[in-house]
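Below is one structure, written out as structure tokens, with a few remarks after it.
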Amino acid sequence: MTQISNEAEFRHALAGLDADRQRAVAALFVKHVLPLCDDERIAPVTDVAAREDVPEDKLAEALRTARTTTTDCHARCGAAGDWSAQAGYFVARAAVAALTPAGQMPGGPAWQAAMASRMAKTCEAIVTGDDSLGRESEEQYRILVDFLNS
Amino acid sequence: MSKDNTLGEILRKQGVSRRGFLKFCAATASLMALPPGMAPVIAQALEKARRPSVIWLSFQECTGCTESLTRSYSPTVEGLIFDAISLDYHHTLMAASGTAAEAAREAAMEQSYGNYILVVDGSIPTRNAGFSTIAGVSNRDMLLDTARGAAAIVAVGTCAAFGGIPHANPNPTGAVSVSDLIKDKPIINVSGCPPIPVVITGVLAHFLTFGAIPDLDSHGRPVAFYGKSIHDRCYRRPFYDRGLFAESFDDEGAKSGWCLYKLGCKGPTTYNACATTKWNEGTSFPIESGHPCLGCSEPDFWDGGGFYKAISTPTEDIGRTAVYAIGGGAAAGLALGAINRAKRNKAEKEHEQVTIDDLEKGD
Amino acid sequence: MMTETQLLVWLRGPALQVAIAIFVVGVAVRLLEVLVLGRKADLAEARGSAVAGGMRTILMRSFPDRATLQRAAFTEITGYIFHIGFFVTLLFYAPHILLFNSALGISWPALPTPVIDATAVVTIITLVAVLIHRLTNRVMRFLSRFQDYLVWLLTILPVVTGYIAFHRIGVTPPILIAIHIISVELFLIVFPFTKLMHAFTLFMSRYYNGAIAGYRGVKS
Amino acid sequence: MSASLERGIHAFKEAIDGPVASFFSSCVHCGLCAHACLFYTETGDPKYTPIHKLEPLRRVWKQEYTFWGRYARAFGLSKPVTDEELGEWETLVYDSCTMCGRCSMVCPVGNDIAYMIRRTREGMAAAGHAPEGLIGASRRAVTIGSPMGVKLPALEAQIRHLEQEAGLTIPVDLEGADYMCLLSSMEIMNFPEYIGAIARIFKQANVSWTISSEAFEATNSGIQIGVSEIAAELVQRVVDAAEKLQVKAVISPECGHAYMAIRWEGPNLIGKPFSFQVMHIMEVLDQLREEGRLKTTGKEKQRLTYHDPCQIARRGGVLEQPRNLLNIVAEDFVEMPEAGKMNWCCGAGGGVSANERADELRLRVFNRKKSQLDAVRAEGLVTACSNCRIYLEEGLEEYHMDIPVTGLTETIAEHLVEEGEGGER
């Protein structure tokens, strides 16, 4: 039973996964923070990411949808920023990371998806001021451990 | 030779063969740019021409024109023509002098009133009659008096045609040309300093043949002789066209006969027949002898900006003007610049702070 | 009535003096009006040398970068041709050199007259092409005002009248030379009030441009 | 006192100096600047010709600062600038110009047109003709401290997240540190990984750095809208914070106009040289690389190309550094045609992105960037300005091009050698 208790082990474990498994665990991270995003396009896209045997074009099409959503909800330069909208933006970015083919993302899709999901949680924390939500990384370690053991 | 002989009889008496006479007429026809067919017409007219009476008045002149025309060392066909006319009055040439000379002139005027030819050389002083008089009569009065009965007037030489050298700046005598004083008579200006002999006789021949004056250009000069500029007919033109110029009077360029533009040649702005008929029976003409054309057949050639300064050079000291202008411009520029700078700095001092609330237009 | 000789003497004399005076004073005033306004010292920490940058741009801006050359080939090429043609005709035609020599005291060898003649023809044709381009090209037509067309005319006239005066086409030559001199004097008189000033201010403009960029370490 | 035409003209008068006068004297209406401006090349509309955008300033120069112009005005021959005209010119000066300076690089007589646009905006803003978006941003920048309203608590939450979850230390208000890092709101909101990246890099290279809680905002809406007083106020905050913390240098983050504002315009805005250096983050990283303090491993496999942000490269002078850095983390780094100091703008700089009215035009002219990218068929685009980054993403999205865009600092951070804490990566 691998134990993951810090960032290096977490990254190391993720890096060890092959493309499909990275996508699957990334989908789990995204699902975990999905409630923070009110853009309905992200949920189906995350499901596509979660499925094992998905044809290439389906994945690419899902990626394009996720990218479009990211572009739509990023904070506009110079406009008054809305942190809850930002949370949705980061969930979308997490979905994009999950669906991006392995070689194109520095650090790998799963790790990027995890980082983006944590950012979504931070944005939520800024809005609610409730610091307890800050332990997203522990949640992700647990998700990864369950995933590796399943 | 009495007056009633025809020109033809006189010439035969002097031994000019019919063929020689016809050759002269052909030469004159070609010279006058008349069609070859005109040669017999000229011959016929000259044959029958009554000996025209010619009065030659010399005013402010240097006798160069007369000299040019009457060189005695070689009898030329022009000379014969000249002898053929009845020159009734010419200071230099006539034997009589003093009152006899004037009497001859008055006699000639009365006798062929209305159809004698008045030839004038020299300009006419107008500022003070005393500058130039003949037998106590001022040039001006004599001209006006003699011109009244003239059939035509031939102003020989740039002085008579345009005022020439006496007219040159500052023109102390108030010299003017014939056409400045006489407005009601046909005047043929045969400019040049002196003019080409064959041009003078050519004009006379034309008048004798056709009884009218030849086509004239805007300056009253016969187009046949003054239609083209020296430059157009200059034998050195190819050098000009290729840009080969003599830099000084005895450099390689000058020795190889290159264009004299840089030495002040006024060929391009001078109208005369020098380049074609040349001088001294076709021996040469100024440019051929290596000296730039002075433009002597043009009005005010004496004040034409320097005989040895090229046409393209300024006639005033441009360098000095530029230096003064730079001084003036700099001063003005600094002053105006200072005003601008003060205005801009004042604007900055009076700057009204713009805050975020001032970005909206006034409601 | 002024005779042709008097006209030429006047044109080459007082009239030329007036034209030169207006030209020199005008240019001096325009240049000083710009220079005296000056420029505030840059307080930021320099990365490169402004002076080196300025000098460099004065030279290098004459050579367009490849992409601009491709995009606006016509403007660039015709621009070079008629500028070089204009200056070669002006500076290397023997009689012109006499003019500069008598005004400035310096002289230099001339090019053969047929070369100048050909250059003048090329310059005229190119300037006509430039006018057509200014009338038809979207951007140039949009930008052009009356002054652009006036300056075009005043620039081509000296070359055309000079060509005609040399080849003595039409009216009597002294008038052709007079017209040529008049067109040059018109060019000189109008010069300081129009974009012809670029012949002088472009050095300052390029210098400022290069200095601003050079200060920041960019070769502009 | 509300904005008015009279104040606008007054600002124009102040804005005119030697260079402006020289430039207007030199323009020959040749139209070459249009061919360098993507707003013209992609629309073909001659009104976007750069020099034409300066018409109001030109007329004020002519009527106020030339003998001939004043003379003509005295005789009523000249056309004074009217408020309607300024209204008409607003879209030309703000929506269709990012002050990218490409026109300034090609003008054959050397006119620095971007220099003059920056000054024209001083008059436009004072005359009340600045776009809504920029007015809002400037208001927020002055009142809240960030054009996007990012307050300190939000930044602190980000910092907390980075410290607890990524185990990094983000020193805030650390007096005597060597470097004080500024952040742009865009980074804090959209690309917070930048903060994580510099934290990791500086940790590895043991750089002493800090972030000031009083002045963490790098952007400067003042120079975008064209109100030097606002720009000076924003710069002064950074100067005060830097001097309070006695840092040796301030690091301008991955933001184009922020670098221009603090590095080049800053001292001139507040009227005195800085007591500290100003460096762009890429200059710092390149310096670390040279000093061997930037240990990276592995390289990006996909074909990467780099977008030079105009205010950093062409107008800012930071050109070689990104190349040096990319060459250590990218195997297949290719340059776009006309990259470097002649790079084409992303179309969103100089306040255009904050101006909603300009969105449609901005996306339309992005086609120029597209054709530049098409020439190298890149699989990844790296840049060093978060505004460029987000609007490159938007542009690529609009033209259906699947090219991920990443920040350079972040890409470097991904390849850092992780020492200690759980061994080799």
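Chain labels A, B, ... are given in the sequence in which chains occur in the structure tokens; within each chain residues are numbered consecutively from 1, and ligands are likewise numbered from 1 in the order shown.
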
Contact check, chain D to chain B, at most 9 Å, counting only C-alpha atoms, closest pairs as JSON lines:
```
{"residue": "D:Met1", "atom": "CA", "partner": "B:Asp358", "partner_atom": "CA", "distance": 6.2}
{"residue": "D:Ser2", "atom": "CA", "partner": "B:Gly362", "partner_atom": "CA", "distance": 4.7}
{"residue": "D:Ala3", "atom": "CA", "partner": "B:Lys361", "partner_atom": "CA", "distance": 5.0}
{"residue": "D:Ser4", "atom": "CA", "partner": "B:Lys361", "partner_atom": "CA", "distance": 6.4}
{"residue": "D:Arg7", "atom": "CA", "partner": "B:Glu352", "partner_atom": "CA", "distance": 7.9}
{"residue": "D:His10", "atom": "CA", "partner": "B:Ala347", "partner_atom": "CA", "distance": 6.7}
{"residue": "D:Ala11", "atom": "CA", "partner": "B:His351", "partner_atom": "CA", "distance": 7.7}
{"residue": "D:Lys13", "atom": "CA", "partner": "B:Arg344", "partner_atom": "CA", "distance": 6.2}
{"residue": "D:Glu14", "atom": "CA", "partner": "B:Arg344", "partner_atom": "CA", "distance": 5.6}
{"residue": "D:Ala15", "atom": "CA", "partner": "B:Arg344", "partner_atom": "CA", "distance": 8.3}
{"residue": "D:Ile16", "atom": "CA", "partner": "B:Arg344", "partner_atom": "CA", "distance": 7.5}
{"residue": "D:Asp17", "atom": "CA", "partner": "B:Arg344", "partner_atom": "CA", "distance": 8.2}
{"residue": "D:Glu64", "atom": "CA", "partner": "B:Asn340", "partner_atom": "CA", "distance": 7.6}
{"residue": "D:Tyr65", "atom": "CA", "partner": "B:Asn340", "partner_atom": "CA", "distance": 5.6}
{"residue": "D:Thr66", "atom": "CA", "partner": "B:Asn340", "partner_atom": "CA", "distance": 8.1}
{"residue": "D:Phe67", "atom": "CA", "partner": "B:Leu336", "partner_atom": "CA", "distance": 7.3}
{"residue": "D:Ala125", "atom": "CA", "partner": "B:Leu359", "partner_atom": "CA", "distance": 6.2}
{"residue": "D:Ala126", "atom": "CA", "partner": "B:Leu359", "partner_atom": "CA", "distance": 6.4}
{"residue": "D:Ala127", "atom": "CA", "partner": "B:Lys361", "partner_atom": "CA", "distance": 7.2}
{"residue": "D:Gly128", "atom": "CA", "partner": "B:Lys361", "partner_atom": "CA", "distance": 4.7}
{"residue": "D:His129", "atom": "CA", "partner": "B:Lys361", "partner_atom": "CA", "distance": 7.6}
{"residue": "D:Ala130", "atom": "CA", "partner": "B:Leu359", "partner_atom": "CA", "distance": 7.2}
{"residue": "D:Glu132", "atom": "CA", "partner": "B:Glu360", "partner_atom": "CA", "distance": 9.0}
{"residue": "D:Ile135", "atom": "CA", "partner": "B:Leu359", "partner_atom": "CA", "distance": 6.8}
{"residue": "D:Gly136", "atom": "CA", "partner": "B:Ile356", "partner_atom": "CA", "distance": 8.8}
{"residue": "D:Ser138", "atom": "CA", "partner": "B:Ile356", "partner_atom": "CA", "distance": 6.8}
{"residue": "D:Arg139", "atom": "CA", "partner": "B:Ile356", "partner_atom": "CA", "distance": 5.6}
{"residue": "D:Val142", "atom": "CA", "partner": "B:Ile356", "partner_atom": "CA", "distance": 7.8}
{"residue": "D:Val227", "atom": "CA", "partner": "B:Val354", "partner_atom": "CA", "distance": 7.0}
{"residue": "D:Ser228", "atom": "CA", "partner": "B:Val354", "partner_atom": "CA", "distance": 8.5}
{"residue": "D:Glu229", "atom": "CA", "partner": "B:Val354", "partner_atom": "CA", "distance": 6.6}
{"residue": "D:Ile230", "atom": "CA", "partner": "B:Thr355", "partner_atom": "CA", "distance": 6.8}
```

Inset, instruction - Mind the document's chain letters and residue numbers, and return as a PyMOL selection string the residues of stretch 9-145 of chain A that DSSP labels helix (DSSP H, G or I). - result: chain A and resi 9-16+19-36+42-50+56-73+83-99+102-104+109-128+131-145

Inset, instruction - For chain A, work out the contacting residues on chain D at 6 Å, counting only C-alpha atoms, and write them as a PyMOL selection string. - result: chain D and resi 137+147-149+154+165+354+394+414+422

Could you please select, counting only C-alpha atoms, the residues of chain C within 8 Å of chain D and state them as a tab-separated table (two decimals) with C-alpha atoms, in the first residue's frame?
```tsv
chain	number	residue	atom	x	y	z
C	30	ARG	CA	11.80	74.83	-38.37
C	33	GLU	CA	11.64	75.21	-33.30
C	34	VAL	CA	12.04	71.47	-32.84
C	35	LEU	CA	15.43	71.35	-31.16
C	36	VAL	CA	14.71	74.12	-28.67
C	37	LEU	CA	11.63	72.25	-27.46
C	38	GLY	CA	14.14	69.57	-26.50
C	39	ARG	CA	13.61	66.40	-24.58
C	42	ASP	CA	15.62	59.96	-19.02
C	43	LEU	CA	15.89	59.19	-15.32
C	44	ALA	CA	15.55	55.43	-15.67
C	45	GLU	CA	18.70	53.34	-15.39
C	57	THR	CA	19.21	54.26	-36.52
C	58	ILE	CA	20.07	57.31	-38.58
C	61	ARG	CA	16.65	53.00	-40.90
C	62	SER	CA	17.51	53.55	-44.57
C	64	PRO	CA	13.98	48.33	-44.59
C	65	ASP	CA	13.61	44.94	-42.89
C	67	ALA	CA	9.12	41.79	-44.18
C	68	THR	CA	8.34	45.47	-44.66
C	71	ARG	CA	4.62	44.12	-47.76
C	72	ALA	CA	5.24	47.50	-49.32
C	75	THR	CA	6.64	52.20	-51.99
C	138	ARG	CA	-5.88	52.70	-50.25
C	139	VAL	CA	-3.64	53.89	-47.46
C	140	MET	CA	-1.86	56.59	-49.42
C	142	PHE	CA	-6.53	58.09	-47.37
C	143	LEU	CA	-3.50	59.90	-45.93
C	144	SER	CA	-2.88	62.32	-48.78
C	148	ASP	CA	1.22	65.87	-50.71
C	193	PHE	CA	6.53	75.00	-45.12
C	195	LYS	CA	6.85	67.82	-45.64
C	196	LEU	CA	9.98	68.48	-47.70
C	197	MET	CA	11.37	69.35	-44.30
C	198	HIS	CA	11.75	65.63	-43.79
C	199	ALA	CA	15.00	65.92	-45.75
C	201	THR	CA	14.19	66.49	-39.75
C	202	LEU	CA	14.45	62.79	-40.62
C	203	PHE	CA	17.93	62.76	-39.09
C	204	MET	CA	16.60	64.16	-35.82
C	205	SER	CA	13.57	61.86	-35.89
C	206	ARG	CA	15.66	58.78	-36.57
C	207	TYR	CA	18.08	59.87	-33.87
C	208	TYR	CA	15.31	60.28	-31.27
C	209	ASN	CA	13.79	56.95	-32.31
C	210	GLY	CA	17.14	55.18	-32.09
C	213	ALA	CA	15.29	52.37	-28.19
C	216	ARG	CA	16.68	50.39	-23.51
C	217	GLY	CA	19.11	48.13	-25.40
C	218	VAL	CA	17.03	47.72	-28.55
C	220	SER	CA	15.57	50.16	-33.64
```

Legend entry - Test item: residues at most 12 Å from D:Glu360, only C-alpha atoms, excluding those fewer than 5 positions along its chain, as a ChimeraX atom specification: /D:39,43,95-96,347-348,352-353,355,365-366,394-395,398

Since we have the selection now, will you write its residues out, keeping C-alpha atoms, as a PDB file, in the first residue's frame?
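Okay, result.pdb is ready:
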```
ATOM      1  CA  PHE D  39      -4.977  46.574 -37.118  1.00  0.00           C
ATOM      2  CA  THR D  43      -8.730  44.758 -41.659  1.00  0.00           C
ATOM      3  CA  ASP D  95      -9.255  50.251 -29.374  1.00  0.00           C
ATOM      4  CA  SER D  96      -7.024  49.911 -32.406  1.00  0.00           C
ATOM      5  CA  GLY D 347      -3.498  42.585 -30.086  1.00  0.00           C
ATOM      6  CA  ALA D 348      -4.478  42.933 -26.427  1.00  0.00           C
ATOM      7  CA  VAL D 352      -7.014  47.096 -25.412  1.00  0.00           C
ATOM      8  CA  SER D 353      -7.893  43.939 -23.414  1.00  0.00           C
ATOM      9  CA  ASN D 355     -11.685  47.730 -23.273  1.00  0.00           C
ATOM     10  CA  VAL D 365      -6.745  41.098 -35.975  1.00  0.00           C
ATOM     11  CA  PHE D 366      -5.479  38.047 -34.067  1.00  0.00           C
ATOM     12  CA  GLU D 394      -8.566  33.439 -26.419  1.00  0.00           C
ATOM     13  CA  GLY D 395      -7.310  34.120 -29.939  1.00  0.00           C
ATOM     14  CA  GLU D 398     -11.318  31.707 -31.657  1.00  0.00           C
TER      15      GLU D 398
END
```

Would you mind listing, for every residue of chain B within 8 Å of chain C, the two atoms forming the shortest contact and the distance between them in Å to one decimal, using only C-alpha atoms, sorted by chain and ascending residue number, as a Markdown table?
```
| residue | atom | partner | partner_atom | distance |
| --- | --- | --- | --- | --- |
| B:Tyr240 | CA | C:Thr113 | CA | 7.9 |
| B:Asp241 | CA | C:Thr113 | CA | 6.2 |
| B:Arg242 | CA | C:Thr113 | CA | 5.2 |
| B:Gly243 | CA | C:Thr113 | CA | 4.6 |
| B:Leu244 | CA | C:Pro112 | CA | 7.6 |
| B:Lys262 | CA | C:Pro95 | CA | 7.3 |
| B:Pro268 | CA | C:Pro173 | CA | 6.9 |
| B:Thr269 | CA | C:Pro174 | CA | 5.2 |
| B:Glu298 | CA | C:Thr5 | CA | 7.3 |
| B:Pro299 | CA | C:Thr3 | CA | 6.9 |
| B:Asp300 | CA | C:Thr5 | CA | 6.6 |
| B:Phe301 | CA | C:Thr5 | CA | 6.9 |
| B:Asp303 | CA | C:Gln6 | CA | 7.9 |
| B:Gly304 | CA | C:Thr5 | CA | 6.0 |
| B:Gly305 | CA | C:Val9 | CA | 6.0 |
| B:Ala310 | CA | C:Leu98 | CA | 7.6 |
| B:Ser312 | CA | C:Pro95 | CA | 5.6 |
| B:Thr313 | CA | C:Leu99 | CA | 4.5 |
| B:Pro314 | CA | C:Arg12 | CA | 4.6 |
| B:Thr315 | CA | C:Gly13 | CA | 4.6 |
| B:Glu316 | CA | C:Gly13 | CA | 4.7 |
| B:Asp317 | CA | C:Ala103 | CA | 6.8 |
| B:Ile318 | CA | C:Ala103 | CA | 5.2 |
| B:Gly319 | CA | C:Ala103 | CA | 4.7 |
| B:Thr321 | CA | C:Gln17 | CA | 6.2 |
| B:Ala322 | CA | C:Ala21 | CA | 6.1 |
| B:Ala325 | CA | C:Ala21 | CA | 5.2 |
| B:Ile326 | CA | C:Val24 | CA | 6.0 |
| B:Gly328 | CA | C:Val25 | CA | 6.5 |
| B:Gly329 | CA | C:Val25 | CA | 3.9 |
| B:Ala330 | CA | C:Ala28 | CA | 5.7 |
| B:Ala332 | CA | C:Val29 | CA | 6.2 |
| B:Gly333 | CA | C:Val29 | CA | 3.8 |
| B:Leu334 | CA | C:Leu32 | CA | 6.0 |
| B:Leu336 | CA | C:Glu33 | CA | 6.3 |
| B:Gly337 | CA | C:Glu33 | CA | 4.2 |
| B:Ala338 | CA | C:Val36 | CA | 6.6 |
| B:Asn340 | CA | C:Leu37 | CA | 6.8 |
| B:Arg341 | CA | C:Leu37 | CA | 5.2 |
```

Inset, instruction - Would you return as number ranges by chain the members of stretch 228-295 of chain D that DSSP assigns to strand (DSSP E or B) on this structure's backbone? - result: D: 249-252, 277-280

Legend entry - Who sits within 7 Å of D:Gly407, only C-alpha atoms, same chain under 5 positions skipped, as a ChimeraX atom specification: /D:382-384

Same residues, C-alpha atoms, saved as a PDB file, in the first residue's frame:
```pdb
ATOM      1  CA  VAL D 382       5.466  30.251 -24.344  1.00  0.00           C
ATOM      2  CA  THR D 383       5.299  33.903 -23.438  1.00  0.00           C
ATOM      3  CA  ALA D 384       6.300  36.214 -20.587  1.00  0.00           C
TER       4      ALA D 384
END
```

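The coordinates place atom CA of B:Pro166 at 21.2 Å from atom CA of B:Ala135.
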
Legend entry - Nearest residue to A:Ser117 from the set D:His161, D:Ser185, D:Arg73, D:Tyr94 (distances using only C-alpha atoms):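 Among the listed residues, the smallest separation from A:Ser117 belongs to D:His161.
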
Legend entry - Surrounding residues of B:Asp215 excluding itself and chain neighbours under 5 positions, 12 Å, only C-alpha atoms, as a PyMOL selection string: chain B and resi 32-34+186-189+203+206-207+210+220-227

Give me a file of those residues, with all heavy atoms, as a compact mmCIF listing (two decimals), in the first residue's frame.
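Contents of the output file selection.txt:
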```txt
# COMPACT_ATOMS: atom_id res chain seq x y z
N MET B 32 18.99 82.39 -97.10
CA MET B 32 17.76 82.95 -96.51
C MET B 32 16.73 81.84 -96.27
O MET B 32 15.56 82.13 -96.03
CB MET B 32 17.15 83.98 -97.49
CG MET B 32 18.08 85.08 -97.88
SD MET B 32 18.23 86.33 -96.62
CE MET B 32 16.62 87.08 -96.63
N ALA B 33 17.23 80.63 -96.40
CA ALA B 33 16.32 79.49 -96.18
C ALA B 33 15.12 79.61 -97.11
O ALA B 33 14.00 79.26 -96.75
CB ALA B 33 15.84 79.48 -94.73
N LEU B 34 15.40 80.13 -98.30
CA LEU B 34 14.32 80.19 -99.30
C LEU B 34 14.47 78.94 -100.16
O LEU B 34 15.56 78.41 -100.33
CB LEU B 34 14.48 81.45 -100.17
CG LEU B 34 14.43 82.78 -99.38
CD1 LEU B 34 14.83 83.95 -100.33
CD2 LEU B 34 13.04 83.01 -98.83
N PRO B 186 8.86 99.89 -90.54
CA PRO B 186 9.38 98.52 -90.40
C PRO B 186 10.88 98.58 -90.09
O PRO B 186 11.62 99.23 -90.83
CB PRO B 186 9.13 97.91 -91.79
CG PRO B 186 8.94 99.05 -92.73
CD PRO B 186 8.48 100.23 -91.93
N ILE B 187 11.26 97.95 -89.01
CA ILE B 187 12.67 97.98 -88.59
C ILE B 187 13.21 96.56 -88.59
O ILE B 187 12.60 95.65 -88.04
CB ILE B 187 12.80 98.59 -87.16
CG1 ILE B 187 12.24 100.03 -87.16
CG2 ILE B 187 14.24 98.54 -86.67
CD1 ILE B 187 12.18 100.64 -85.77
N ILE B 188 14.33 96.40 -89.20
CA ILE B 188 14.99 95.07 -89.14
C ILE B 188 16.22 95.24 -88.25
O ILE B 188 17.10 96.04 -88.54
CB ILE B 188 15.45 94.61 -90.56
CG1 ILE B 188 14.29 94.72 -91.55
CG2 ILE B 188 16.02 93.21 -90.47
CD1 ILE B 188 14.74 94.63 -93.01
N ASN B 189 16.21 94.47 -87.15
CA ASN B 189 17.38 94.53 -86.26
C ASN B 189 18.40 93.49 -86.70
O ASN B 189 18.11 92.29 -86.70
CB ASN B 189 16.95 94.24 -84.81
CG ASN B 189 16.19 95.44 -84.23
OD1 ASN B 189 16.45 96.58 -84.62
ND2 ASN B 189 15.22 95.16 -83.35
N VAL B 203 20.03 90.74 -95.76
CA VAL B 203 18.79 91.49 -95.45
C VAL B 203 18.51 92.47 -96.58
O VAL B 203 17.40 92.59 -97.08
CB VAL B 203 18.99 92.24 -94.10
CG1 VAL B 203 17.94 93.32 -93.96
CG2 VAL B 203 18.94 91.25 -92.95
N HIS B 206 17.29 90.68 -99.59
CA HIS B 206 15.89 90.26 -99.39
C HIS B 206 14.97 91.46 -99.68
O HIS B 206 14.00 91.35 -100.43
CB HIS B 206 15.69 89.78 -97.95
CG HIS B 206 14.34 89.19 -97.71
ND1 HIS B 206 13.21 89.97 -97.57
CD2 HIS B 206 13.91 87.91 -97.66
CE1 HIS B 206 12.14 89.20 -97.39
NE2 HIS B 206 12.55 87.93 -97.45
N PHE B 207 15.36 92.60 -99.14
CA PHE B 207 14.49 93.78 -99.32
C PHE B 207 14.43 94.16 -100.79
O PHE B 207 13.38 94.42 -101.36
CB PHE B 207 15.05 94.95 -98.49
CG PHE B 207 14.11 96.12 -98.45
CD1 PHE B 207 12.97 96.08 -97.65
CD2 PHE B 207 14.33 97.21 -99.27
CE1 PHE B 207 12.08 97.13 -97.65
CE2 PHE B 207 13.42 98.28 -99.27
CZ PHE B 207 12.30 98.24 -98.47
N PHE B 210 12.30 91.31 -102.59
CA PHE B 210 10.84 91.19 -102.34
C PHE B 210 10.23 92.54 -102.02
O PHE B 210 9.02 92.65 -101.87
CB PHE B 210 10.61 90.24 -101.15
CG PHE B 210 11.17 88.85 -101.39
CD1 PHE B 210 12.38 88.46 -100.83
CD2 PHE B 210 10.51 88.00 -102.25
CE1 PHE B 210 12.89 87.19 -101.10
CE2 PHE B 210 11.03 86.73 -102.51
CZ PHE B 210 12.22 86.32 -101.94
N GLY B 220 12.73 91.37 -83.46
CA GLY B 220 12.82 92.09 -84.73
C GLY B 220 14.00 91.67 -85.56
O GLY B 220 14.45 92.40 -86.44
N ARG B 221 14.54 90.48 -85.31
CA ARG B 221 15.71 90.03 -86.08
C ARG B 221 15.24 89.02 -87.11
O ARG B 221 14.33 88.25 -86.87
CB ARG B 221 16.73 89.35 -85.16
CG ARG B 221 17.20 90.26 -84.04
CD ARG B 221 18.12 89.52 -83.08
NE ARG B 221 17.40 88.44 -82.37
CZ ARG B 221 17.87 87.86 -81.25
NH1 ARG B 221 19.05 88.25 -80.76
NH2 ARG B 221 17.20 86.88 -80.66
N PRO B 222 15.87 89.04 -88.29
CA PRO B 222 15.45 88.09 -89.35
C PRO B 222 15.59 86.65 -88.87
O PRO B 222 16.67 86.23 -88.42
CB PRO B 222 16.42 88.35 -90.50
CG PRO B 222 17.16 89.59 -90.16
CD PRO B 222 17.02 89.85 -88.70
N VAL B 223 14.48 85.95 -88.95
CA VAL B 223 14.47 84.58 -88.42
C VAL B 223 15.47 83.73 -89.19
O VAL B 223 16.13 82.84 -88.63
CB VAL B 223 13.04 83.99 -88.55
CG1 VAL B 223 13.04 82.53 -88.12
CG2 VAL B 223 12.07 84.78 -87.69
N ALA B 224 15.64 84.04 -90.47
CA ALA B 224 16.55 83.22 -91.30
C ALA B 224 17.93 83.16 -90.65
O ALA B 224 18.60 82.14 -90.67
CB ALA B 224 16.66 83.83 -92.68
N PHE B 225 18.37 84.25 -90.04
CA PHE B 225 19.72 84.27 -89.48
C PHE B 225 19.73 84.08 -87.95
O PHE B 225 20.68 83.56 -87.38
CB PHE B 225 20.42 85.60 -89.81
CG PHE B 225 20.61 85.80 -91.27
CD1 PHE B 225 19.80 86.70 -91.95
CD2 PHE B 225 21.55 85.07 -91.98
CE1 PHE B 225 19.95 86.88 -93.32
CE2 PHE B 225 21.70 85.23 -93.34
CZ PHE B 225 20.90 86.13 -94.02
N TYR B 226 18.60 84.54 -87.31
CA TYR B 226 18.62 84.52 -85.83
C TYR B 226 17.60 83.52 -85.28
O TYR B 226 17.19 83.58 -84.14
CB TYR B 226 18.31 85.93 -85.28
CG TYR B 226 19.35 86.96 -85.66
CD1 TYR B 226 19.21 87.69 -86.84
CD2 TYR B 226 20.48 87.17 -84.88
CE1 TYR B 226 20.16 88.61 -87.22
CE2 TYR B 226 21.43 88.10 -85.27
CZ TYR B 226 21.27 88.83 -86.44
OH TYR B 226 22.21 89.72 -86.81
N GLY B 227 17.15 82.59 -86.14
CA GLY B 227 16.13 81.62 -85.69
C GLY B 227 16.71 80.61 -84.72
O GLY B 227 16.07 80.18 -83.79
```

I'd like the neighbourhood of D:Met99 as a PDB file with C-alpha atoms, in the first residue's frame, where a residue qualifies if any of its atoms comes within 9 Å (using only C-alpha atoms), though same-chain residues fewer than 5 positions away should be ignored.
```pdb
ATOM      1  CA  ILE D 113       4.549  56.691 -33.375  1.00  0.00           C
ATOM      2  CA  ALA D 114       3.964  54.623 -30.221  1.00  0.00           C
ATOM      3  CA  TYR D 115       5.785  57.352 -28.228  1.00  0.00           C
ATOM      4  CA  ILE D 117       0.201  57.593 -29.058  1.00  0.00           C
ATOM      5  CA  ARG D 118       1.190  57.361 -25.377  1.00  0.00           C
ATOM      6  CA  GLN D 224      -2.472  52.583 -20.475  1.00  0.00           C
ATOM      7  CA  CYS D 310       5.968  44.088 -27.157  1.00  0.00           C
ATOM      8  CA  GLN D 311       6.518  46.184 -24.019  1.00  0.00           C
ATOM      9  CA  GLY D 349      -1.753  45.115 -24.938  1.00  0.00           C
ATOM     10  CA  GLY D 350      -1.789  48.805 -24.106  1.00  0.00           C
TER      11      GLY D 350
END
```

Inset, instruction - For D:Pro80, work out the shell of residues within 8 Å, counting only C-alpha atoms and skipping chain neighbours fewer than 5 positions away, then give it as a PyMOL selection string. - result: chain D and resi 59-60+63
